[in-house]
Amino acid sequence: MFFKRKSKIKIENENEKEEVVIEENELVEVKKSLENKIKNGEENIELLIEITSLCMQLKHNIDAIYYLEKILSINKKLGKNYNDLMNLYNSEMRLAAVNKDNEKVQYYLNKIDELMQLSKDVIRGKYEGN
Amino acid sequence: MDIINFIIQNILTEASITIALIAMLGLILQKKEIGRVISGTFKTLLGFQVLSAGSGIIVQVLIYFGQIFSEGFQMEGIIPSIESINGQAMTELGLGSQIAFTFLAIFVVNVIIARFTKFKFIFLTGQAVLWMATMCTVFGYFAGLRGLTLIIVGGIVGGIFAVLMPAIAQPTVKKITGSNDIALGHFCTIGYMFTALIAKFTGNVKNSTEDIELPKSLEFLQDTYLSVMVVMVPMFMITAFFAGPEFCAEFAGSKHYLMHAFLQAIQFVVGIYVLLAGVRLLLGEIVPAFRGIALRLVPDAIPALDCPVLFSYAPNAVIVGFVFTTIGSVIAMLVLPMFGLAMILPGMLTNFFAGGTAGIFGNAWGGRRGAMISGIAHGFFITLLPALLVGIFNSLGFINATATDVDTIVVAMLYAWILMPLLTMSN
């Protein structure tokens, strides 16, 4: 009985895996099309948020960081984008620490510092109207 | 022997050189090129001199303020400023080298604890570690510790706090951020936990501060230096008024005494500004080096970051916390002298950063009502604690100032009320 159940789970997992692969391929395609739109000058906040969300689903952290930085440079607001960027900097810093890559550790520490400065400035109303 | 004596008497006792050498060590450990090592070392040296200049400005103003306050109100009027305590300790009291070595020792102990225990927090807020090193050194010195013992004890106490404070805040930080990836590295944590406790019992977590529209009229107070000025200018002018023109003429000379008081208040803000610019320059080379090393030695570390890391999760709570902490500190300013304590003026820099973060903690546990009530309690709490230390600061030769960040004050109390009696008993 246990054997039967185990094999069923295995099949389900394989199906899930297949679904995930298909979904990932689809997401990559959508990401490519959005990247083309941005390249063709269609850059706007909604598009950047959409592509960032795709990058995060695909765990393309470096791309997600790139687009989140763009969003925050246009729209200096605290909230989800800010928090996502902080978490991504932190996870990339950790990765760099595991790989003993001091340059990258310093790079992401500086990025975290910059982001905290932005948080202070926004709270002080420095970017009113953005 | 002569060389060793020369090193001890002329290098290790000269704070600016000691600190510059620590920065140089950090840069060499990072394998930076020679030009970078030299420029970084000299920048640190410059930072110390800028800090000294800022401290000099502040001390002049504090001497003036202390005297007119005593004359005007027949009591002590104390300005809470950890920057000023650090500046006076490093320069006027000649504890700069010891503070620098304690700073380094705190980093080392923090890394050792994080590396070998389950508490993986690495405290990355360099400025806060400098304040902690200052208080450990000053109160260790007060307790009778000297030399290497002073530094080792300071390193152990400060290092334990560098892990313990993020650890006790972490359940609330997790509640706020929704993850365990980032911790809070700010030595005002005991105040935050006090705020959380009050908020839990007085508030309602369902009504968040983030659902309300805040008035814009108080926005000018959010510029921290401006807010210090907004408090200091009336305080100085009212005090000068009560001290009277004759007494103030001693300081003001031919200038009108109220105009002189106004300019002295501005001068105080200038002093803080210069001192903090010096601190930034001083730590600019040391902190990146050592936090890089710390993170490589503890790759699974949870970085404990400065308080603005939480601002984004509840920006309204920051403003609510700041405003209500300021109200609490004003109440404490008026109430504490009735109990024989010194009058502590509101410390606006702390009210903004610690008050703002306390607002986030209050909101997390008690919503908007909790944030407001606990904010007032927080303001009272962070004014009461430094008031208890005024006597010790005075006896050590500090001029009209007391510390702010409450965790550093608790450390000072541990030294003064536990370590010192133990040392006295053993002697």
# chains A, B, ... in the order shown; residues from 1 in each chain; ligands from 1
call {"tool": "closest_atom_pairs", "arguments": {"of": "chain A", "to": "chain B", "cutoff": "6 Å", "atoms": "only C-alpha atoms", "output": "tab-separated table"}}
result
residue	atom	partner	partner_atom	distance
A:Leu78	CA	B:Ser312	CA	4.8
A:Gly79	CA	B:Ser312	CA	5.5
A:Ala97	CA	B:Arg296	CA	4.9
A:Val98	CA	B:Pro299	CA	5.1
A:Lys100	CA	B:Arg296	CA	5.8
A:Met116	CA	B:Pro308	CA	5.5
A:Arg124	CA	B:Gln222	CA	4.9
call {"tool": "residues_around", "arguments": {"residues": "range 203-213 of chain B", "least_positions_apart": "6", "cutoff": "9 Å", "atoms": "only C-alpha atoms", "output": "list in words"}}
result
Ala314, Pro315, Asn316, Ala317, Val320, Ile360, Gly362, Asn363, Ala364, Trp365, Gly366, Gly367, Arg368, Arg369, Gly370, Ala371, Met372, Ile373 and Ser374 of chain B
call {"tool": "residues_around", "arguments": {"residues": "Gly26 in chain B", "least_positions_apart": "6", "cutoff": "8 Å", "atoms": "only C-alpha atoms", "output": "number ranges by chain"}}
result
B: 285-286, 289-290
call {"tool": "write_last_selection", "arguments": {"atoms": "N, CA and C atoms", "output": "mmCIF file, in the first residue's frame"}}
result
data_model
loop_
_atom_site.group_PDB
_atom_site.id
_atom_site.type_symbol
_atom_site.label_atom_id
_atom_site.label_comp_id
_atom_site.auth_asym_id
_atom_site.auth_seq_id
_atom_site.Cartn_x
_atom_site.Cartn_y
_atom_site.Cartn_z
ATOM 1 N N GLU B 285 36.543 54.221 6.266
ATOM 2 C CA GLU B 285 37.529 53.224 5.817
ATOM 3 C C GLU B 285 37.520 52.000 6.717
ATOM 4 N N ILE B 286 37.269 52.223 8.022
ATOM 5 C CA ILE B 286 37.370 51.107 8.974
ATOM 6 C C ILE B 286 36.192 50.143 8.829
ATOM 7 N N ALA B 289 35.937 47.655 5.784
ATOM 8 C CA ALA B 289 36.947 46.596 5.876
ATOM 9 C C ALA B 289 36.508 45.510 6.839
ATOM 10 N N PHE B 290 36.101 45.916 8.037
ATOM 11 C CA PHE B 290 35.815 44.905 9.046
ATOM 12 C C PHE B 290 34.470 44.219 8.840
#
call {"tool": "atom_distance", "arguments": {"atom1": "CA of Asp121 in chain A", "atom2": "CA of Phe361 in chain B"}}
result
20.6 Å
call {"tool": "atom_distance", "arguments": {"atom1": "CA of Glu50 in chain A", "atom2": "CA of Tyr89 in chain A"}}
result
19.5 Å
call {"tool": "closest_residue", "arguments": {"among": "A:Leu58, A:Met86, A:Leu115, A:Asn44", "to": "Glu26 in chain A", "atoms": "only C-alpha atoms"}}
result
A:Leu58
call {"tool": "select_by_dssp", "arguments": {"residues": "range 254-389 of chain B", "states": "strand (DSSP E or B)", "output": "count of residues only"}}
result
6
call {"tool": "select_by_dssp", "arguments": {"residues": "range 383-417 of chain B", "states": "helix (DSSP H, G or I)", "output": "number ranges by chain"}}
result
B: 383-396, 406-417
call {"tool": "residues_around", "arguments": {"residues": "range 65-68 of chain A", "least_positions_apart": "3", "cutoff": "6 Å", "atoms": "only C-alpha atoms", "output": "PDB file with C-alpha atoms, in the first residue's frame"}}
result
ATOM      1  CA  THR A  52      10.670  42.713 -12.350  1.00  0.00           C
ATOM      2  CA  ILE A  62      20.649  40.358 -11.125  1.00  0.00           C
ATOM      3  CA  ILE A  71      11.901  51.765 -10.838  1.00  0.00           C
TER       4      ILE A  71
END
call {"tool": "atom_distance", "arguments": {"atom1": "CA of Arg94 in chain A", "atom2": "CA of Ala20 in chain B"}}
result
29.0 Å
call {"tool": "residues_around", "arguments": {"residues": "Phe103 in chain B", "least_positions_apart": "4", "cutoff": "12 Å", "atoms": "only C-alpha atoms", "output": "JSON, numbers by chain"}}
result
{"B": [18, 19, 22, 23, 96, 97, 98, 99, 107, 108, 109, 110, 123, 125, 126, 127, 128, 129, 130, 131, 132, 133, 134, 135, 136, 137, 150, 151, 152, 153, 154, 155, 156, 157, 158, 159, 162, 283, 286, 287, 290]}
call {"tool": "write_last_selection", "arguments": {"atoms": "N, CA and C atoms", "output": "CSV table (one decimal), in the first residue's frame"}}
result
chain,number,residue,atom,x,y,z
B,18,THR,N,46.3,55.9,16.4
B,18,THR,CA,45.8,54.5,16.6
B,18,THR,C,44.7,54.2,15.7
B,19,ILE,N,43.8,55.1,15.6
B,19,ILE,CA,42.6,54.9,14.7
B,19,ILE,C,43.0,54.7,13.2
B,22,ILE,N,44.5,51.4,12.7
B,22,ILE,CA,43.4,50.3,12.6
B,22,ILE,C,42.8,50.3,11.2
B,23,ALA,N,42.6,51.5,10.7
B,23,ALA,CA,42.1,51.6,9.3
B,23,ALA,C,43.1,51.0,8.3
B,96,GLY,N,40.5,58.3,23.5
B,96,GLY,CA,40.4,58.0,22.1
B,96,GLY,C,41.0,56.7,21.7
B,97,SER,N,42.2,56.4,22.1
B,97,SER,CA,42.8,55.1,21.7
B,97,SER,C,42.1,53.9,22.3
B,98,GLN,N,41.7,54.1,23.6
B,98,GLN,CA,41.0,52.9,24.2
B,98,GLN,C,39.7,52.7,23.5
B,99,ILE,N,39.0,53.8,23.1
B,99,ILE,CA,37.7,53.6,22.4
B,99,ILE,C,37.9,52.9,21.1
B,107,PHE,N,33.9,44.2,17.4
B,107,PHE,CA,33.8,43.5,16.1
B,107,PHE,C,34.2,42.1,16.3
B,108,VAL,N,35.4,41.9,16.9
B,108,VAL,CA,36.0,40.6,17.0
B,108,VAL,C,35.1,39.7,17.8
B,109,VAL,N,34.6,40.1,19.0
B,109,VAL,CA,33.8,39.3,19.8
B,109,VAL,C,32.5,39.0,19.1
B,110,ASN,N,31.9,40.0,18.4
B,110,ASN,CA,30.7,39.7,17.7
B,110,ASN,C,30.9,38.6,16.6
B,123,PHE,N,26.6,42.7,13.6
B,123,PHE,CA,26.1,44.1,13.7
B,123,PHE,C,26.9,45.0,12.8
B,125,THR,N,26.1,48.3,11.9
B,125,THR,CA,26.0,49.7,12.0
B,125,THR,C,27.2,50.3,12.7
B,126,GLY,N,28.2,50.8,11.9
B,126,GLY,CA,29.5,51.2,12.5
B,126,GLY,C,29.4,52.3,13.5
B,127,GLN,N,28.5,53.3,13.2
B,127,GLN,CA,28.4,54.4,14.1
B,127,GLN,C,27.9,54.0,15.5
B,128,ALA,N,26.9,53.1,15.5
B,128,ALA,CA,26.3,52.6,16.7
B,128,ALA,C,27.4,51.8,17.5
B,129,VAL,N,28.2,51.0,16.8
B,129,VAL,CA,29.3,50.3,17.5
B,129,VAL,C,30.3,51.3,18.2
B,130,LEU,N,30.5,52.4,17.5
B,130,LEU,CA,31.4,53.4,18.0
B,130,LEU,C,30.8,54.0,19.3
B,131,TRP,N,29.5,54.3,19.3
B,131,TRP,CA,28.8,54.8,20.5
B,131,TRP,C,28.9,53.7,21.7
B,132,MET,N,28.7,52.5,21.3
B,132,MET,CA,28.8,51.4,22.3
B,132,MET,C,30.3,51.3,22.9
B,133,ALA,N,31.2,51.4,22.0
B,133,ALA,CA,32.7,51.4,22.4
B,133,ALA,C,32.9,52.5,23.3
B,134,THR,N,32.4,53.7,23.0
B,134,THR,CA,32.6,54.9,23.9
B,134,THR,C,32.1,54.6,25.3
B,135,MET,N,30.8,54.1,25.4
B,135,MET,CA,30.2,54.0,26.7
B,135,MET,C,30.9,52.9,27.5
B,136,CYS,N,31.3,51.8,26.8
B,136,CYS,CA,32.0,50.7,27.5
B,136,CYS,C,33.3,51.2,28.1
B,137,THR,N,34.0,52.0,27.2
B,137,THR,CA,35.3,52.5,27.7
B,137,THR,C,35.2,53.6,28.8
B,150,LEU,N,40.5,47.0,30.3
B,150,LEU,CA,39.5,47.9,29.9
B,150,LEU,C,39.0,47.5,28.5
B,151,ILE,N,39.9,47.3,27.6
B,151,ILE,CA,39.5,47.0,26.2
B,151,ILE,C,38.9,45.6,26.1
B,152,ILE,N,39.4,44.6,26.8
B,152,ILE,CA,38.9,43.2,26.7
B,152,ILE,C,37.5,43.2,27.2
B,153,VAL,N,37.3,43.8,28.4
B,153,VAL,CA,36.0,43.8,29.1
B,153,VAL,C,35.0,44.5,28.2
B,154,GLY,N,35.4,45.7,27.6
B,154,GLY,CA,34.5,46.5,26.7
B,154,GLY,C,34.2,45.7,25.5
B,155,GLY,N,35.2,44.9,25.0
B,155,GLY,CA,34.9,44.1,23.8
B,155,GLY,C,33.9,43.0,24.0
B,156,ILE,N,34.0,42.4,25.2
B,156,ILE,CA,33.1,41.3,25.5
B,156,ILE,C,31.7,41.8,25.8
B,157,VAL,N,31.6,42.9,26.6
B,157,VAL,CA,30.3,43.4,26.9
B,157,VAL,C,29.6,43.9,25.6
B,158,GLY,N,30.4,44.8,24.9
B,158,GLY,CA,29.8,45.3,23.6
B,158,GLY,C,29.5,44.3,22.6
B,159,GLY,N,30.4,43.3,22.5
B,159,GLY,CA,30.2,42.2,21.5
B,159,GLY,C,29.0,41.4,21.8
B,162,ALA,N,26.1,43.4,20.9
B,162,ALA,CA,25.9,43.4,19.4
B,162,ALA,C,25.2,42.2,18.8
B,283,LEU,N,35.0,56.5,10.1
B,283,LEU,CA,34.5,55.1,10.0
B,283,LEU,C,34.5,54.7,8.5
B,286,ILE,N,37.3,52.2,8.0
B,286,ILE,CA,37.4,51.1,9.0
B,286,ILE,C,36.2,50.1,8.8
B,287,VAL,N,35.0,50.7,8.8
B,287,VAL,CA,33.8,49.8,8.8
B,287,VAL,C,33.7,48.9,7.6
B,290,PHE,N,36.1,45.9,8.0
B,290,PHE,CA,35.8,44.9,9.0
B,290,PHE,C,34.5,44.2,8.8
call {"tool": "residues_around", "arguments": {"residues": "range 344-352 of chain B", "least_positions_apart": "2", "cutoff": "7 Å", "atoms": "only C-alpha atoms", "output": "PyMOL selection string"}}
result
chain B and resi 77-81+224+227-228+322+325-326+329-330+333+342+354-356+383+387+404
